[in-house]
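Dropping coords.cif in here (mmCIF, C-alpha atoms (C1' of nucleotides)):
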data_coords
loop_
_atom_site.group_PDB
_atom_site.id
_atom_site.type_symbol
_atom_site.label_atom_id
_atom_site.label_comp_id
_atom_site.auth_asym_id
_atom_site.auth_seq_id
_atom_site.Cartn_x
_atom_site.Cartn_y
_atom_site.Cartn_z
ATOM 1 C CA MET A 1 7.465 4.975 -11.416
ATOM 2 C CA ILE A 2 10.203 3.249 -13.329
ATOM 3 C CA ILE A 3 13.344 1.988 -11.607
ATOM 4 C CA ASN A 4 15.874 0.302 -13.858
ATOM 5 C CA GLY A 5 13.212 -0.471 -16.400
ATOM 6 C CA GLU A 6 10.932 -2.087 -13.857
ATOM 7 C CA ASN A 7 7.481 -0.861 -13.056
ATOM 8 C CA LEU A 8 7.345 -0.203 -9.335
ATOM 9 C CA ALA A 9 3.948 0.134 -7.724
ATOM 10 C CA PHE A 10 3.382 0.765 -4.046
ATOM 11 C CA LYS A 11 0.563 0.712 -1.582
ATOM 12 C CA LEU A 12 -0.493 3.511 0.787
ATOM 13 C CA ASN A 13 -3.628 3.305 2.914
ATOM 14 C CA ASP A 14 -4.745 0.221 0.994
ATOM 15 C CA LYS A 15 -4.575 2.018 -2.320
ATOM 16 C CA MET A 16 -2.210 1.358 -5.168
ATOM 17 C CA TYR A 17 -0.139 4.163 -6.627
ATOM 18 C CA HIS A 18 2.371 4.221 -9.423
ATOM 19 C CA CYS A 19 4.008 7.585 -8.841
ATOM 20 C CA ALA A 20 4.059 10.465 -6.384
ATOM 21 C CA LEU A 21 1.703 12.526 -8.529
ATOM 22 C CA ASP A 22 -0.991 9.886 -8.181
ATOM 23 C CA ILE A 23 -0.912 10.257 -4.406
ATOM 24 C CA THR A 24 -1.486 14.011 -4.426
ATOM 25 C CA MET A 25 -4.108 13.862 -7.162
ATOM 26 C CA ASP A 26 -5.966 11.244 -5.161
ATOM 27 C CA PHE A 27 -6.233 13.784 -2.325
ATOM 28 C CA ILE A 28 -7.094 16.902 -4.307
ATOM 29 C CA GLY A 29 -8.254 15.526 -7.670
ATOM 30 C CA GLY A 30 -11.764 15.634 -9.024
ATOM 31 C CA LYS A 31 -13.957 18.565 -9.741
ATOM 32 C CA TRP A 32 -14.461 20.008 -6.256
ATOM 33 C CA LYS A 33 -11.888 19.036 -3.637
ATOM 34 C CA CYS A 34 -9.244 21.661 -4.216
ATOM 35 C CA VAL A 35 -11.834 24.429 -4.455
ATOM 36 C CA VAL A 36 -13.208 23.448 -1.046
ATOM 37 C CA LEU A 37 -9.673 23.417 0.348
ATOM 38 C CA TRP A 38 -9.064 26.823 -1.170
ATOM 39 C CA TYR A 39 -12.013 28.355 0.633
ATOM 40 C CA LEU A 40 -11.069 26.675 3.903
ATOM 41 C CA LYS A 41 -7.562 28.123 3.670
ATOM 42 C CA SER A 42 -8.697 31.379 5.255
ATOM 43 C CA GLY A 43 -10.454 29.847 8.245
ATOM 44 C CA LYS A 44 -13.365 27.742 9.398
ATOM 45 C CA LEU A 45 -16.574 27.708 7.411
ATOM 46 C CA ARG A 46 -20.019 26.256 7.911
ATOM 47 C CA PHE A 47 -21.655 23.912 5.414
ATOM 48 C CA THR A 48 -23.976 26.620 4.148
ATOM 49 C CA GLU A 49 -21.158 29.133 3.862
ATOM 50 C CA ILE A 50 -19.151 26.815 1.628
ATOM 51 C CA ARG A 51 -22.243 26.278 -0.493
ATOM 52 C CA HIS A 52 -22.595 30.018 -0.735
ATOM 53 C CA TYR A 53 -19.062 30.314 -2.082
ATOM 54 C CA MET A 54 -19.661 27.438 -4.498
ATOM 55 C CA PRO A 55 -23.182 27.825 -5.869
ATOM 56 C CA GLU A 56 -22.453 25.368 -8.678
ATOM 57 C CA ILE A 57 -22.029 22.380 -6.345
ATOM 58 C CA THR A 58 -25.036 20.409 -5.157
ATOM 59 C CA GLU A 59 -25.523 19.635 -1.472
ATOM 60 C CA LYS A 60 -25.001 15.979 -2.174
ATOM 61 C CA MET A 61 -21.680 16.509 -3.888
ATOM 62 C CA LEU A 62 -20.461 18.951 -1.247
ATOM 63 C CA SER A 63 -21.379 16.450 1.431
ATOM 64 C CA ILE A 64 -19.494 13.701 -0.374
ATOM 65 C CA GLN A 65 -16.418 15.859 -0.925
ATOM 66 C CA LEU A 66 -16.316 17.044 2.693
ATOM 67 C CA LYS A 67 -16.614 13.473 3.903
ATOM 68 C CA ALA A 68 -13.790 12.375 1.631
ATOM 69 C CA LEU A 69 -11.567 15.257 2.728
ATOM 70 C CA GLU A 70 -12.277 14.451 6.374
ATOM 71 C CA LYS A 71 -11.549 10.754 5.838
ATOM 72 C CA ASP A 72 -8.272 11.678 4.186
ATOM 73 C CA GLY A 73 -7.428 13.807 7.221
ATOM 74 C CA LEU A 74 -7.183 17.080 5.336
ATOM 75 C CA ILE A 75 -10.068 18.786 7.139
ATOM 76 C CA GLU A 76 -11.730 18.620 10.555
ATOM 77 C CA ARG A 77 -15.441 18.659 11.256
ATOM 78 C CA LYS A 78 -16.988 20.041 14.425
ATOM 79 C CA VAL A 79 -20.661 19.819 15.358
ATOM 80 C CA TYR A 80 -22.286 22.315 17.725
ATOM 81 C CA GLY A 81 -25.676 21.530 19.246
ATOM 82 C CA ASN A 82 -27.546 18.243 19.115
ATOM 83 C CA LYS A 83 -30.998 19.258 17.974
ATOM 84 C CA PRO A 84 -31.750 20.768 14.595
ATOM 85 C CA PRO A 85 -30.885 23.334 13.613
ATOM 86 C CA ILE A 86 -27.371 22.175 14.404
ATOM 87 C CA ARG A 87 -24.191 23.994 13.461
ATOM 88 C CA VAL A 88 -21.284 22.305 11.684
ATOM 89 C CA GLU A 89 -17.928 23.909 11.076
ATOM 90 C CA TYR A 90 -15.194 22.723 8.755
ATOM 91 C CA MET A 91 -11.539 23.739 8.900
ATOM 92 C CA LEU A 92 -8.186 22.590 7.594
ATOM 93 C CA SER A 93 -6.312 20.147 9.825
ATOM 94 C CA ALA A 94 -2.594 20.499 10.488
ATOM 95 C CA PHE A 95 -2.081 17.896 7.782
ATOM 96 C CA GLY A 96 -4.408 19.785 5.472
ATOM 97 C CA ARG A 97 -2.365 22.922 5.921
ATOM 98 C CA THR A 98 0.665 21.136 4.444
ATOM 99 C CA ILE A 99 -1.088 21.005 1.086
ATOM 100 C CA ILE A 100 -1.676 24.765 0.888
ATOM 101 C CA PRO A 101 1.467 25.350 -1.215
ATOM 102 C CA VAL A 102 0.126 22.912 -3.795
ATOM 103 C CA ILE A 103 -3.282 24.613 -3.873
ATOM 104 C CA ASP A 104 -1.569 27.985 -4.136
ATOM 105 C CA ALA A 105 0.556 26.829 -7.066
ATOM 106 C CA ILE A 106 -2.537 25.559 -8.851
ATOM 107 C CA ALA A 107 -4.440 28.794 -8.210
ATOM 108 C CA LYS A 108 -1.476 30.960 -9.217
ATOM 109 C CA TRP A 109 -1.050 29.304 -12.608
ATOM 110 C CA GLY A 110 -4.755 29.507 -13.383
ATOM 111 C CA ARG A 111 -4.943 33.126 -12.289
ATOM 112 C CA GLU A 112 -1.949 34.094 -14.416
ATOM 113 C CA LEU A 113 -3.415 32.328 -17.432
ATOM 114 C CA GLY A 114 -6.678 34.167 -16.902
ATOM 115 C CA GLU A 115 -4.853 37.468 -16.611
ATOM 116 C CA ARG A 116 -2.901 36.865 -19.798
ATOM 117 C CA ASN A 117 -6.217 36.285 -21.529
ATOM 118 C CA GLY A 118 -7.776 39.396 -20.097
ATOM 119 C CA VAL A 119 -10.308 37.553 -18.016
ATOM 120 C CA LEU A 120 -9.561 39.150 -14.672
ATOM 121 C CA VAL A 121 -8.086 42.475 -15.722
ATOM 122 C CA ASN A 122 -10.939 44.603 -14.442
ATOM 123 C CA ILE A 123 -10.743 43.204 -10.938
ATOM 124 C CA ASP A 124 -8.629 45.058 -8.412
ATOM 125 C CA GLN A 125 -5.934 42.561 -7.482
ATOM 126 C CA SER A 126 -5.937 43.736 -3.876
ATOM 127 C CA LYS A 127 -9.528 42.646 -3.584
ATOM 128 C CA ILE A 128 -8.918 39.182 -4.897
ATOM 129 C CA ALA A 129 -7.360 37.967 -1.672
ATOM 130 C CA ASP A 130 -10.158 39.577 0.317
ATOM 131 C CA TYR A 131 -12.825 37.996 -1.742
ATOM 132 C CA ARG A 132 -11.257 34.580 -2.097
ATOM 133 C CA LEU A 133 -10.606 34.308 -5.777
ATOM 134 C CA MET Y 1 -15.311 33.172 -7.314
ATOM 135 C CA ILE Y 2 -17.297 35.481 -5.055
ATOM 136 C CA ILE Y 3 -17.005 39.251 -5.330
ATOM 137 C CA ASN Y 4 -19.166 41.221 -2.941
ATOM 138 C CA GLY Y 5 -21.496 38.310 -2.483
ATOM 139 C CA GLU Y 6 -22.006 37.808 -6.183
ATOM 140 C CA ASN Y 7 -21.083 34.682 -8.011
ATOM 141 C CA LEU Y 8 -18.748 35.657 -10.810
ATOM 142 C CA ALA Y 9 -18.241 33.217 -13.617
ATOM 143 C CA PHE Y 10 -16.025 33.812 -16.624
ATOM 144 C CA LYS Y 11 -15.317 32.260 -19.959
ATOM 145 C CA LEU Y 12 -11.951 31.203 -21.359
ATOM 146 C CA ASN Y 13 -11.579 29.340 -24.648
ATOM 147 C CA ASP Y 14 -15.334 28.777 -24.761
ATOM 148 C CA LYS Y 15 -15.355 27.083 -21.376
ATOM 149 C CA MET Y 16 -16.943 28.381 -18.210
ATOM 150 C CA TYR Y 17 -14.893 28.624 -15.049
ATOM 151 C CA HIS Y 18 -15.791 29.770 -11.572
ATOM 152 C CA CYS Y 19 -12.356 30.203 -10.025
ATOM 153 C CA ALA Y 20 -8.684 30.099 -10.944
ATOM 154 C CA LEU Y 21 -8.313 26.557 -9.622
ATOM 155 C CA ASP Y 22 -10.838 25.299 -12.151
ATOM 156 C CA ILE Y 23 -8.701 26.581 -14.998
ATOM 157 C CA THR Y 24 -5.563 24.747 -13.913
ATOM 158 C CA MET Y 25 -7.408 21.559 -13.041
ATOM 159 C CA ASP Y 26 -8.994 21.584 -16.454
ATOM 160 C CA PHE Y 27 -5.494 21.456 -17.945
ATOM 161 C CA ILE Y 28 -3.879 18.893 -15.655
ATOM 162 C CA GLY Y 29 -6.836 17.172 -13.997
ATOM 163 C CA GLY Y 30 -7.941 13.623 -14.561
ATOM 164 C CA LYS Y 31 -6.104 10.416 -13.998
ATOM 165 C CA TRP Y 32 -3.298 10.724 -16.503
ATOM 166 C CA LYS Y 33 -2.475 14.211 -17.741
ATOM 167 C CA CYS Y 34 -0.084 15.392 -15.068
ATOM 168 C CA VAL Y 35 1.778 12.085 -15.109
ATOM 169 C CA VAL Y 36 2.352 12.458 -18.846
ATOM 170 C CA LEU Y 37 3.551 16.023 -18.293
ATOM 171 C CA TRP Y 38 5.861 14.792 -15.540
ATOM 172 C CA TYR Y 39 7.586 12.355 -17.875
ATOM 173 C CA LEU Y 40 7.846 14.939 -20.648
ATOM 174 C CA LYS Y 41 9.537 17.382 -18.245
ATOM 175 C CA SER Y 42 12.938 15.820 -18.896
ATOM 176 C CA GLY Y 43 12.767 15.910 -22.665
ATOM 177 C CA LYS Y 44 11.079 14.568 -25.740
ATOM 178 C CA LEU Y 45 9.606 11.099 -25.711
ATOM 179 C CA ARG Y 46 8.059 8.814 -28.274
ATOM 180 C CA PHE Y 47 4.599 7.308 -27.922
ATOM 181 C CA THR Y 48 5.978 3.898 -27.046
ATOM 182 C CA GLU Y 49 8.429 5.356 -24.558
ATOM 183 C CA ILE Y 50 5.658 7.088 -22.627
ATOM 184 C CA ARG Y 51 3.710 3.847 -22.632
ATOM 185 C CA HIS Y 52 6.786 2.142 -21.263
ATOM 186 C CA TYR Y 53 6.925 4.603 -18.377
ATOM 187 C CA MET Y 54 3.195 4.218 -17.749
ATOM 188 C CA PRO Y 55 2.340 0.534 -18.223
ATOM 189 C CA GLU Y 56 -1.025 1.055 -16.505
ATOM 190 C CA ILE Y 57 -2.397 3.255 -19.265
ATOM 191 C CA THR Y 58 -3.933 1.760 -22.399
ATOM 192 C CA GLU Y 59 -2.935 2.960 -25.843
ATOM 193 C CA LYS Y 60 -6.379 4.414 -26.337
ATOM 194 C CA MET Y 61 -6.276 6.492 -23.161
ATOM 195 C CA LEU Y 62 -2.712 7.667 -23.815
ATOM 196 C CA SER Y 63 -3.744 8.716 -27.287
ATOM 197 C CA ILE Y 64 -6.711 10.653 -25.896
ATOM 198 C CA GLN Y 65 -4.641 12.369 -23.210
ATOM 199 C CA LEU Y 66 -1.864 13.351 -25.623
ATOM 200 C CA LYS Y 67 -4.417 14.760 -28.035
ATOM 201 C CA ALA Y 68 -6.027 16.799 -25.256
ATOM 202 C CA LEU Y 69 -2.671 18.099 -24.023
ATOM 203 C CA GLU Y 70 -1.735 19.077 -27.567
ATOM 204 C CA LYS Y 71 -5.074 20.800 -28.119
ATOM 205 C CA ASP Y 72 -4.545 22.747 -24.890
ATOM 206 C CA GLY Y 73 -1.130 23.806 -26.179
ATOM 207 C CA LEU Y 74 0.841 22.197 -23.363
ATOM 208 C CA ILE Y 75 2.731 19.754 -25.590
ATOM 209 C CA GLU Y 76 3.965 19.604 -29.165
ATOM 210 C CA ARG Y 77 3.801 16.660 -31.511
ATOM 211 C CA LYS Y 78 6.288 15.994 -34.272
ATOM 212 C CA VAL Y 79 6.006 13.244 -36.864
ATOM 213 C CA TYR Y 80 9.044 11.806 -38.645
ATOM 214 C CA GLY Y 81 8.550 9.719 -41.744
ATOM 215 C CA ASN Y 82 5.358 9.142 -43.684
ATOM 216 C CA LYS Y 83 5.170 5.391 -44.048
ATOM 217 C CA PRO Y 84 4.789 3.004 -41.143
ATOM 218 C CA PRO Y 85 6.724 2.512 -39.052
ATOM 219 C CA ILE Y 86 6.607 6.266 -38.473
ATOM 220 C CA ARG Y 87 8.171 8.054 -35.543
ATOM 221 C CA VAL Y 88 6.299 10.508 -33.346
ATOM 222 C CA GLU Y 89 7.886 12.619 -30.654
ATOM 223 C CA TYR Y 90 6.150 14.543 -27.912
ATOM 224 C CA MET Y 91 7.636 17.395 -25.911
ATOM 225 C CA LEU Y 92 6.528 20.234 -23.680
ATOM 226 C CA SER Y 93 5.768 23.506 -25.453
ATOM 227 C CA ALA Y 94 6.969 26.834 -24.069
ATOM 228 C CA PHE Y 95 3.497 27.218 -22.599
ATOM 229 C CA GLY Y 96 3.661 23.711 -21.172
ATOM 230 C CA ARG Y 97 6.910 24.529 -19.431
ATOM 231 C CA THR Y 98 5.156 27.254 -17.439
ATOM 232 C CA ILE Y 99 3.159 24.583 -15.643
ATOM 233 C CA ILE Y 100 6.220 22.672 -14.422
ATOM 234 C CA PRO Y 101 6.213 24.420 -11.006
ATOM 235 C CA VAL Y 102 2.654 23.201 -10.461
ATOM 236 C CA ILE Y 103 3.555 19.638 -11.428
ATOM 237 C CA ASP Y 104 6.614 19.817 -9.189
ATOM 238 C CA ALA Y 105 4.534 21.016 -6.231
ATOM 239 C CA ILE Y 106 2.111 18.141 -6.740
ATOM 240 C CA ALA Y 107 4.915 15.598 -7.013
ATOM 241 C CA LYS Y 108 6.770 17.031 -4.005
ATOM 242 C CA TRP Y 109 3.769 16.775 -1.691
ATOM 243 C CA GLY Y 110 2.999 13.213 -2.767
ATOM 244 C CA ARG Y 111 6.617 12.167 -2.426
ATOM 245 C CA GLU Y 112 6.908 13.655 1.063
ATOM 246 C CA LEU Y 113 3.702 11.933 2.129
ATOM 247 C CA GLY Y 114 5.039 8.651 0.786
ATOM 248 C CA GLU Y 115 8.307 9.152 2.620
ATOM 249 C CA ARG Y 116 6.565 9.916 5.909
ATOM 250 C CA ASN Y 117 4.729 6.627 5.482
ATOM 251 C CA GLY Y 118 7.852 4.680 4.722
ATOM 252 C CA VAL Y 119 6.886 3.904 1.164
ATOM 253 C CA LEU Y 120 9.984 5.184 -0.571
ATOM 254 C CA VAL Y 121 12.586 4.876 2.164
ATOM 255 C CA ASN Y 122 14.658 2.198 0.497
ATOM 256 C CA ILE Y 123 15.114 4.209 -2.682
ATOM 257 C CA ASP Y 124 18.214 6.342 -3.015
ATOM 258 C CA GLN Y 125 16.886 9.876 -3.339
ATOM 259 C CA SER Y 126 19.586 10.780 -5.813
ATOM 260 C CA LYS Y 127 18.262 8.126 -8.135
ATOM 261 C CA ILE Y 128 14.700 9.364 -8.085
ATOM 262 C CA ALA Y 129 15.423 12.229 -10.435
ATOM 263 C CA ASP Y 130 17.370 9.899 -12.716
ATOM 264 C CA TYR Y 131 14.617 7.358 -12.822
ATOM 265 C CA ARG Y 132 11.727 9.759 -13.046
ATOM 266 C CA LEU Y 133 9.774 9.111 -9.889
ATOM 267 C "C1'" DC F 1 -29.298 23.398 9.441
ATOM 268 C "C1'" DG F 2 -26.967 19.978 7.458
ATOM 269 C "C1'" DG F 3 -27.480 16.506 5.675
ATOM 270 C "C1'" DC F 4 -29.105 11.378 3.382
ATOM 271 C "C1'" DA F 5 -31.868 8.335 -0.142
ATOM 272 C "C1'" DT F 6 -33.021 7.430 -4.643
ATOM 273 C "C1'" DC F 7 -33.011 7.493 -9.488
ATOM 274 C "C1'" DC F 8 -30.539 8.159 -13.586
ATOM 275 C "C1'" DG F 9 -27.645 9.948 -17.640
ATOM 276 C "C1'" DC F 10 -23.447 10.114 -19.389
ATOM 277 C "C1'" DA F 11 -18.487 10.646 -19.505
ATOM 278 C "C1'" DG F 12 -14.395 8.157 -18.275
ATOM 279 C "C1'" DC F 13 -12.120 4.361 -18.713
ATOM 280 C "C1'" DG F 14 -10.881 -0.485 -19.880
ATOM 281 C "C1'" DA F 15 -10.292 -4.648 -23.093
ATOM 282 C "C1'" DT F 16 -9.766 -6.302 -27.388
ATOM 283 C "C1'" DA F 17 -9.154 -6.204 -32.158
ATOM 284 C "C1'" DC F 18 -7.774 -3.930 -36.215
ATOM 285 C "C1'" DT F 19 -4.824 -0.603 -39.486
ATOM 286 C "C1'" DG F 20 -1.986 2.975 -42.535
ATOM 287 C "C1'" DC T 1 5.098 2.352 -34.851
ATOM 288 C "C1'" DA T 2 1.492 4.809 -33.478
ATOM 289 C "C1'" DG T 3 -2.334 4.840 -33.365
ATOM 290 C "C1'" DT T 4 -8.320 3.748 -34.491
ATOM 291 C "C1'" DA T 5 -12.680 1.188 -33.888
ATOM 292 C "C1'" DT T 6 -15.939 -0.965 -31.240
ATOM 293 C "C1'" DC T 7 -18.166 -2.574 -27.281
ATOM 294 C "C1'" DG T 8 -19.266 -2.397 -22.636
ATOM 295 C "C1'" DC T 9 -19.038 -1.242 -17.854
ATOM 296 C "C1'" DT T 10 -18.598 1.607 -13.749
ATOM 297 C "C1'" DG T 11 -19.170 5.292 -11.037
ATOM 298 C "C1'" DC T 12 -19.110 10.417 -10.979
ATOM 299 C "C1'" DG T 13 -22.058 13.727 -10.669
ATOM 300 C "C1'" DG T 14 -26.817 16.008 -11.294
ATOM 301 C "C1'" DA T 15 -31.873 16.421 -9.842
ATOM 302 C "C1'" DT T 16 -35.248 15.792 -6.653
ATOM 303 C "C1'" DG T 17 -37.296 14.687 -2.384
ATOM 304 C "C1'" DC T 18 -37.159 13.536 2.558
ATOM 305 C "C1'" DC T 19 -35.448 13.842 7.537
ATOM 306 C "C1'" DG T 20 -33.607 14.497 12.701
#

Render the structure in this file as structure tokens.
Amino acid sequence: MIINGENLAFKLNDKMYHCALDITMDFIGGKWKCVVLWYLKSGKLRFTEIRHYMPEITEKMLSIQLKALEKDGLIERKVYGNKPPIRVEYMLSAFGRTIIPVIDAIAKWGRELGERNGVLVNIDQSKIADYRL
Amino acid sequence: MIINGENLAFKLNDKMYHCALDITMDFIGGKWKCVVLWYLKSGKLRFTEIRHYMPEITEKMLSIQLKALEKDGLIERKVYGNKPPIRVEYMLSAFGRTIIPVIDAIAKWGRELGERNGVLVNIDQSKIADYRL
DNA sequence: CGGCATCCGCAGCGATACTG
DNA sequence: CAGTATCGCTGCGGATGCCG
């Protein structure tokens, strides 16, 4: 961020940022975070369910991403039972729900680009919402 | 993307994607791209000018990012003169302008988070647009 | 079931120096 | 002025195996 020709950096949660975009990208950047948030938009999901929606991610990476999202306050984690098999559910927090418009904007642009290139034309649009494009 | 329990992957420009979010993030993801786009929103800028707005980036990384953005069709590059010192200007393409709403959504969320945490309170909001927060 | 531990390759990124 | 070239590091992310 430039104010009167000066570089202005600022700190938030012990991290340095140089502009507002950096803040958001720190929360949803990387290869997986915003996809996880996208799937959690519709409701709570268990670890295995998220994996099922994202077969490309490894368990390790999903675990890391979920932990990061929880630390950032975007999602909440609830454990049911104390002996394996246990049951863990993830859902958006109130704070996490504030970022939905951003996720939606990102998804919308990508979807429209895909449509313009004929990638998604043979998919009934009404089913996309149902099936979590 | 999951349709009826099946994982559906699709190709666009020789790259594989699994959901619409992946497409957009491929265009604006990473540490620098969306910041460059943010600065180019207001008009054309020269290489050195962008560097001036982003003192944290090295010339090498800026060069790489600009090349990637140009290859993706988001920005246009114009060269004036043929002997050094030459003059190069970068600006959003028509296609690049379609992504402005996404960039704005990202910036808005980050700015609001900063404001809620008192980071930007002493900056006149009317000046933020002028000075390219 | 929902993880964590370990090993490892490679891309991302930085610093510095050089150039048409 | 607007970049390359080179070197080197760091850590993201993948693969595999183990565990309460």

(request) Take the PyMOL selection byres ((chain T) within 10 of (chain Y)), apply it to the structure above, and return the hits as a list in words. (result)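 Checking the PyMOL selection byres ((chain T) within 10 of (chain Y)) against this file, the residues are DC1, DA2, DG3 and DT4 of chain T.
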
(request) First superpose chain A onto chain Y using a least-squares fit over all Cα atoms taken in order; then report the RMSD in Å. (result) 0.1 Å

(request) Quick one: everything within 9 Å of A:Lys31, counting all atoms listed in the file, minus sequence neighbours fewer than 2 positions away in the same chain. Send it as a list of chain:residue names. (result)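 Once the adjacent positions are removed, what remains is A:Ile28, A:Gly29, A:Lys33, A:Cys34, A:Val35, Y:Asp22, Y:Met25, Y:Asp26, Y:Gly29.
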
(request) Step by step, work through what the PyMOL selection byres ((chain F and resi 13) around 8) selects in the shown file, and finish by giving those residues as a PyMOL selection string. (result) (chain Y and resi 61) or (chain F and resi 12+14)

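In this model, the gap between atom C1' of T:DG17 and atom CA of A:Glu49 comes to 22.5 Å.
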
(request) Mind giving me the straight-line distance from atom CA of A:Asn13 to atom CA of A:Leu40 in Å, one decimal? (result) 24.5 Å

(message) Could you list, as a list in words, every residue matched by the PyMOL selection byres ((chain F and resi 5) around 9) in this structure?
(response)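 With the PyMOL selection byres ((chain F and resi 5) around 9) on this model, the match is DC4 and DT6 of chain F; DG17 and DC18 of chain T.
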
(message) List the spatial neighbours of stretch 5-8 of chain T as a PyMOL selection string - criterion: any atom at most 10 Å away, all atoms listed in the file, same-chain residues fewer than 4 positions off excluded.
(response) chain F and resi 14-19

(request) Using all atoms listed in the file, give me every residue within 10 Å of (7.6, 17.9, -1.2) in file coordinates, as number ranges by chain. (result) A: 20, 98-99, 101-102; Y: 104-115

If I wrap all listed atoms of stretch 57-73 of chain Y in a box with edges along x, y and z and add 5 Å on each side, what are its centre and edge lengths in Å to one decimal, as lines of an AutoDock Vina configuration file?
center_x = -3.9
center_y = 12.8
center_z = -23.7
size_x = 15.6
size_y = 32.0
size_z = 18.9

Give me the residues of chain F that have any atom at most 10 Å from an atom of chain A; for each, the nearest atom pair and the distance in Å, rounded to one decimal. Use only C-alpha atoms (C1' of nucleotides), sort by chain and number, and format it as JSON lines.
{"residue": "F:DC1", "atom": "C1'", "partner": "A:Pro85", "partner_atom": "CA", "distance": 4.5}
{"residue": "F:DG2", "atom": "C1'", "partner": "A:Phe47", "partner_atom": "CA", "distance": 6.9}
{"residue": "F:DG3", "atom": "C1'", "partner": "A:Ser63", "partner_atom": "CA", "distance": 7.4}
{"residue": "F:DC4", "atom": "C1'", "partner": "A:Lys60", "partner_atom": "CA", "distance": 8.3}

(request) Could you tell me how far atom CA of Y:Lys44 lies from atom CA of Y:Tyr90, in Å and to one decimal? (result)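 Computing the Euclidean distance for atom CA of Y:Lys44 and atom CA of Y:Tyr90 yields 5.4 Å.
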
(message) Taking all atoms listed in the file into account, name the residue in Y:Glu76, Y:Glu56, Y:Glu89, Y:Glu70 that is nearest to chain A.
(response)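 So, comparing all the options, the nearest one is Y:Glu56.
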
(message) Here is a test: counting all atoms listed in the file, which residue of A:Pro55, A:Lys41, A:Ile75, A:Lys15 is nearest to chain Y?
(response)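 Under the stated criterion, the closest residue is A:Pro55.
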
(request) Return the single residue from A:Met16, A:Met91, A:Leu37, A:Leu21 that is closest to chain Y, with distances computed using all atoms listed in the file. (result)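 Distance minimum relative to chain Y lands on A:Leu21.
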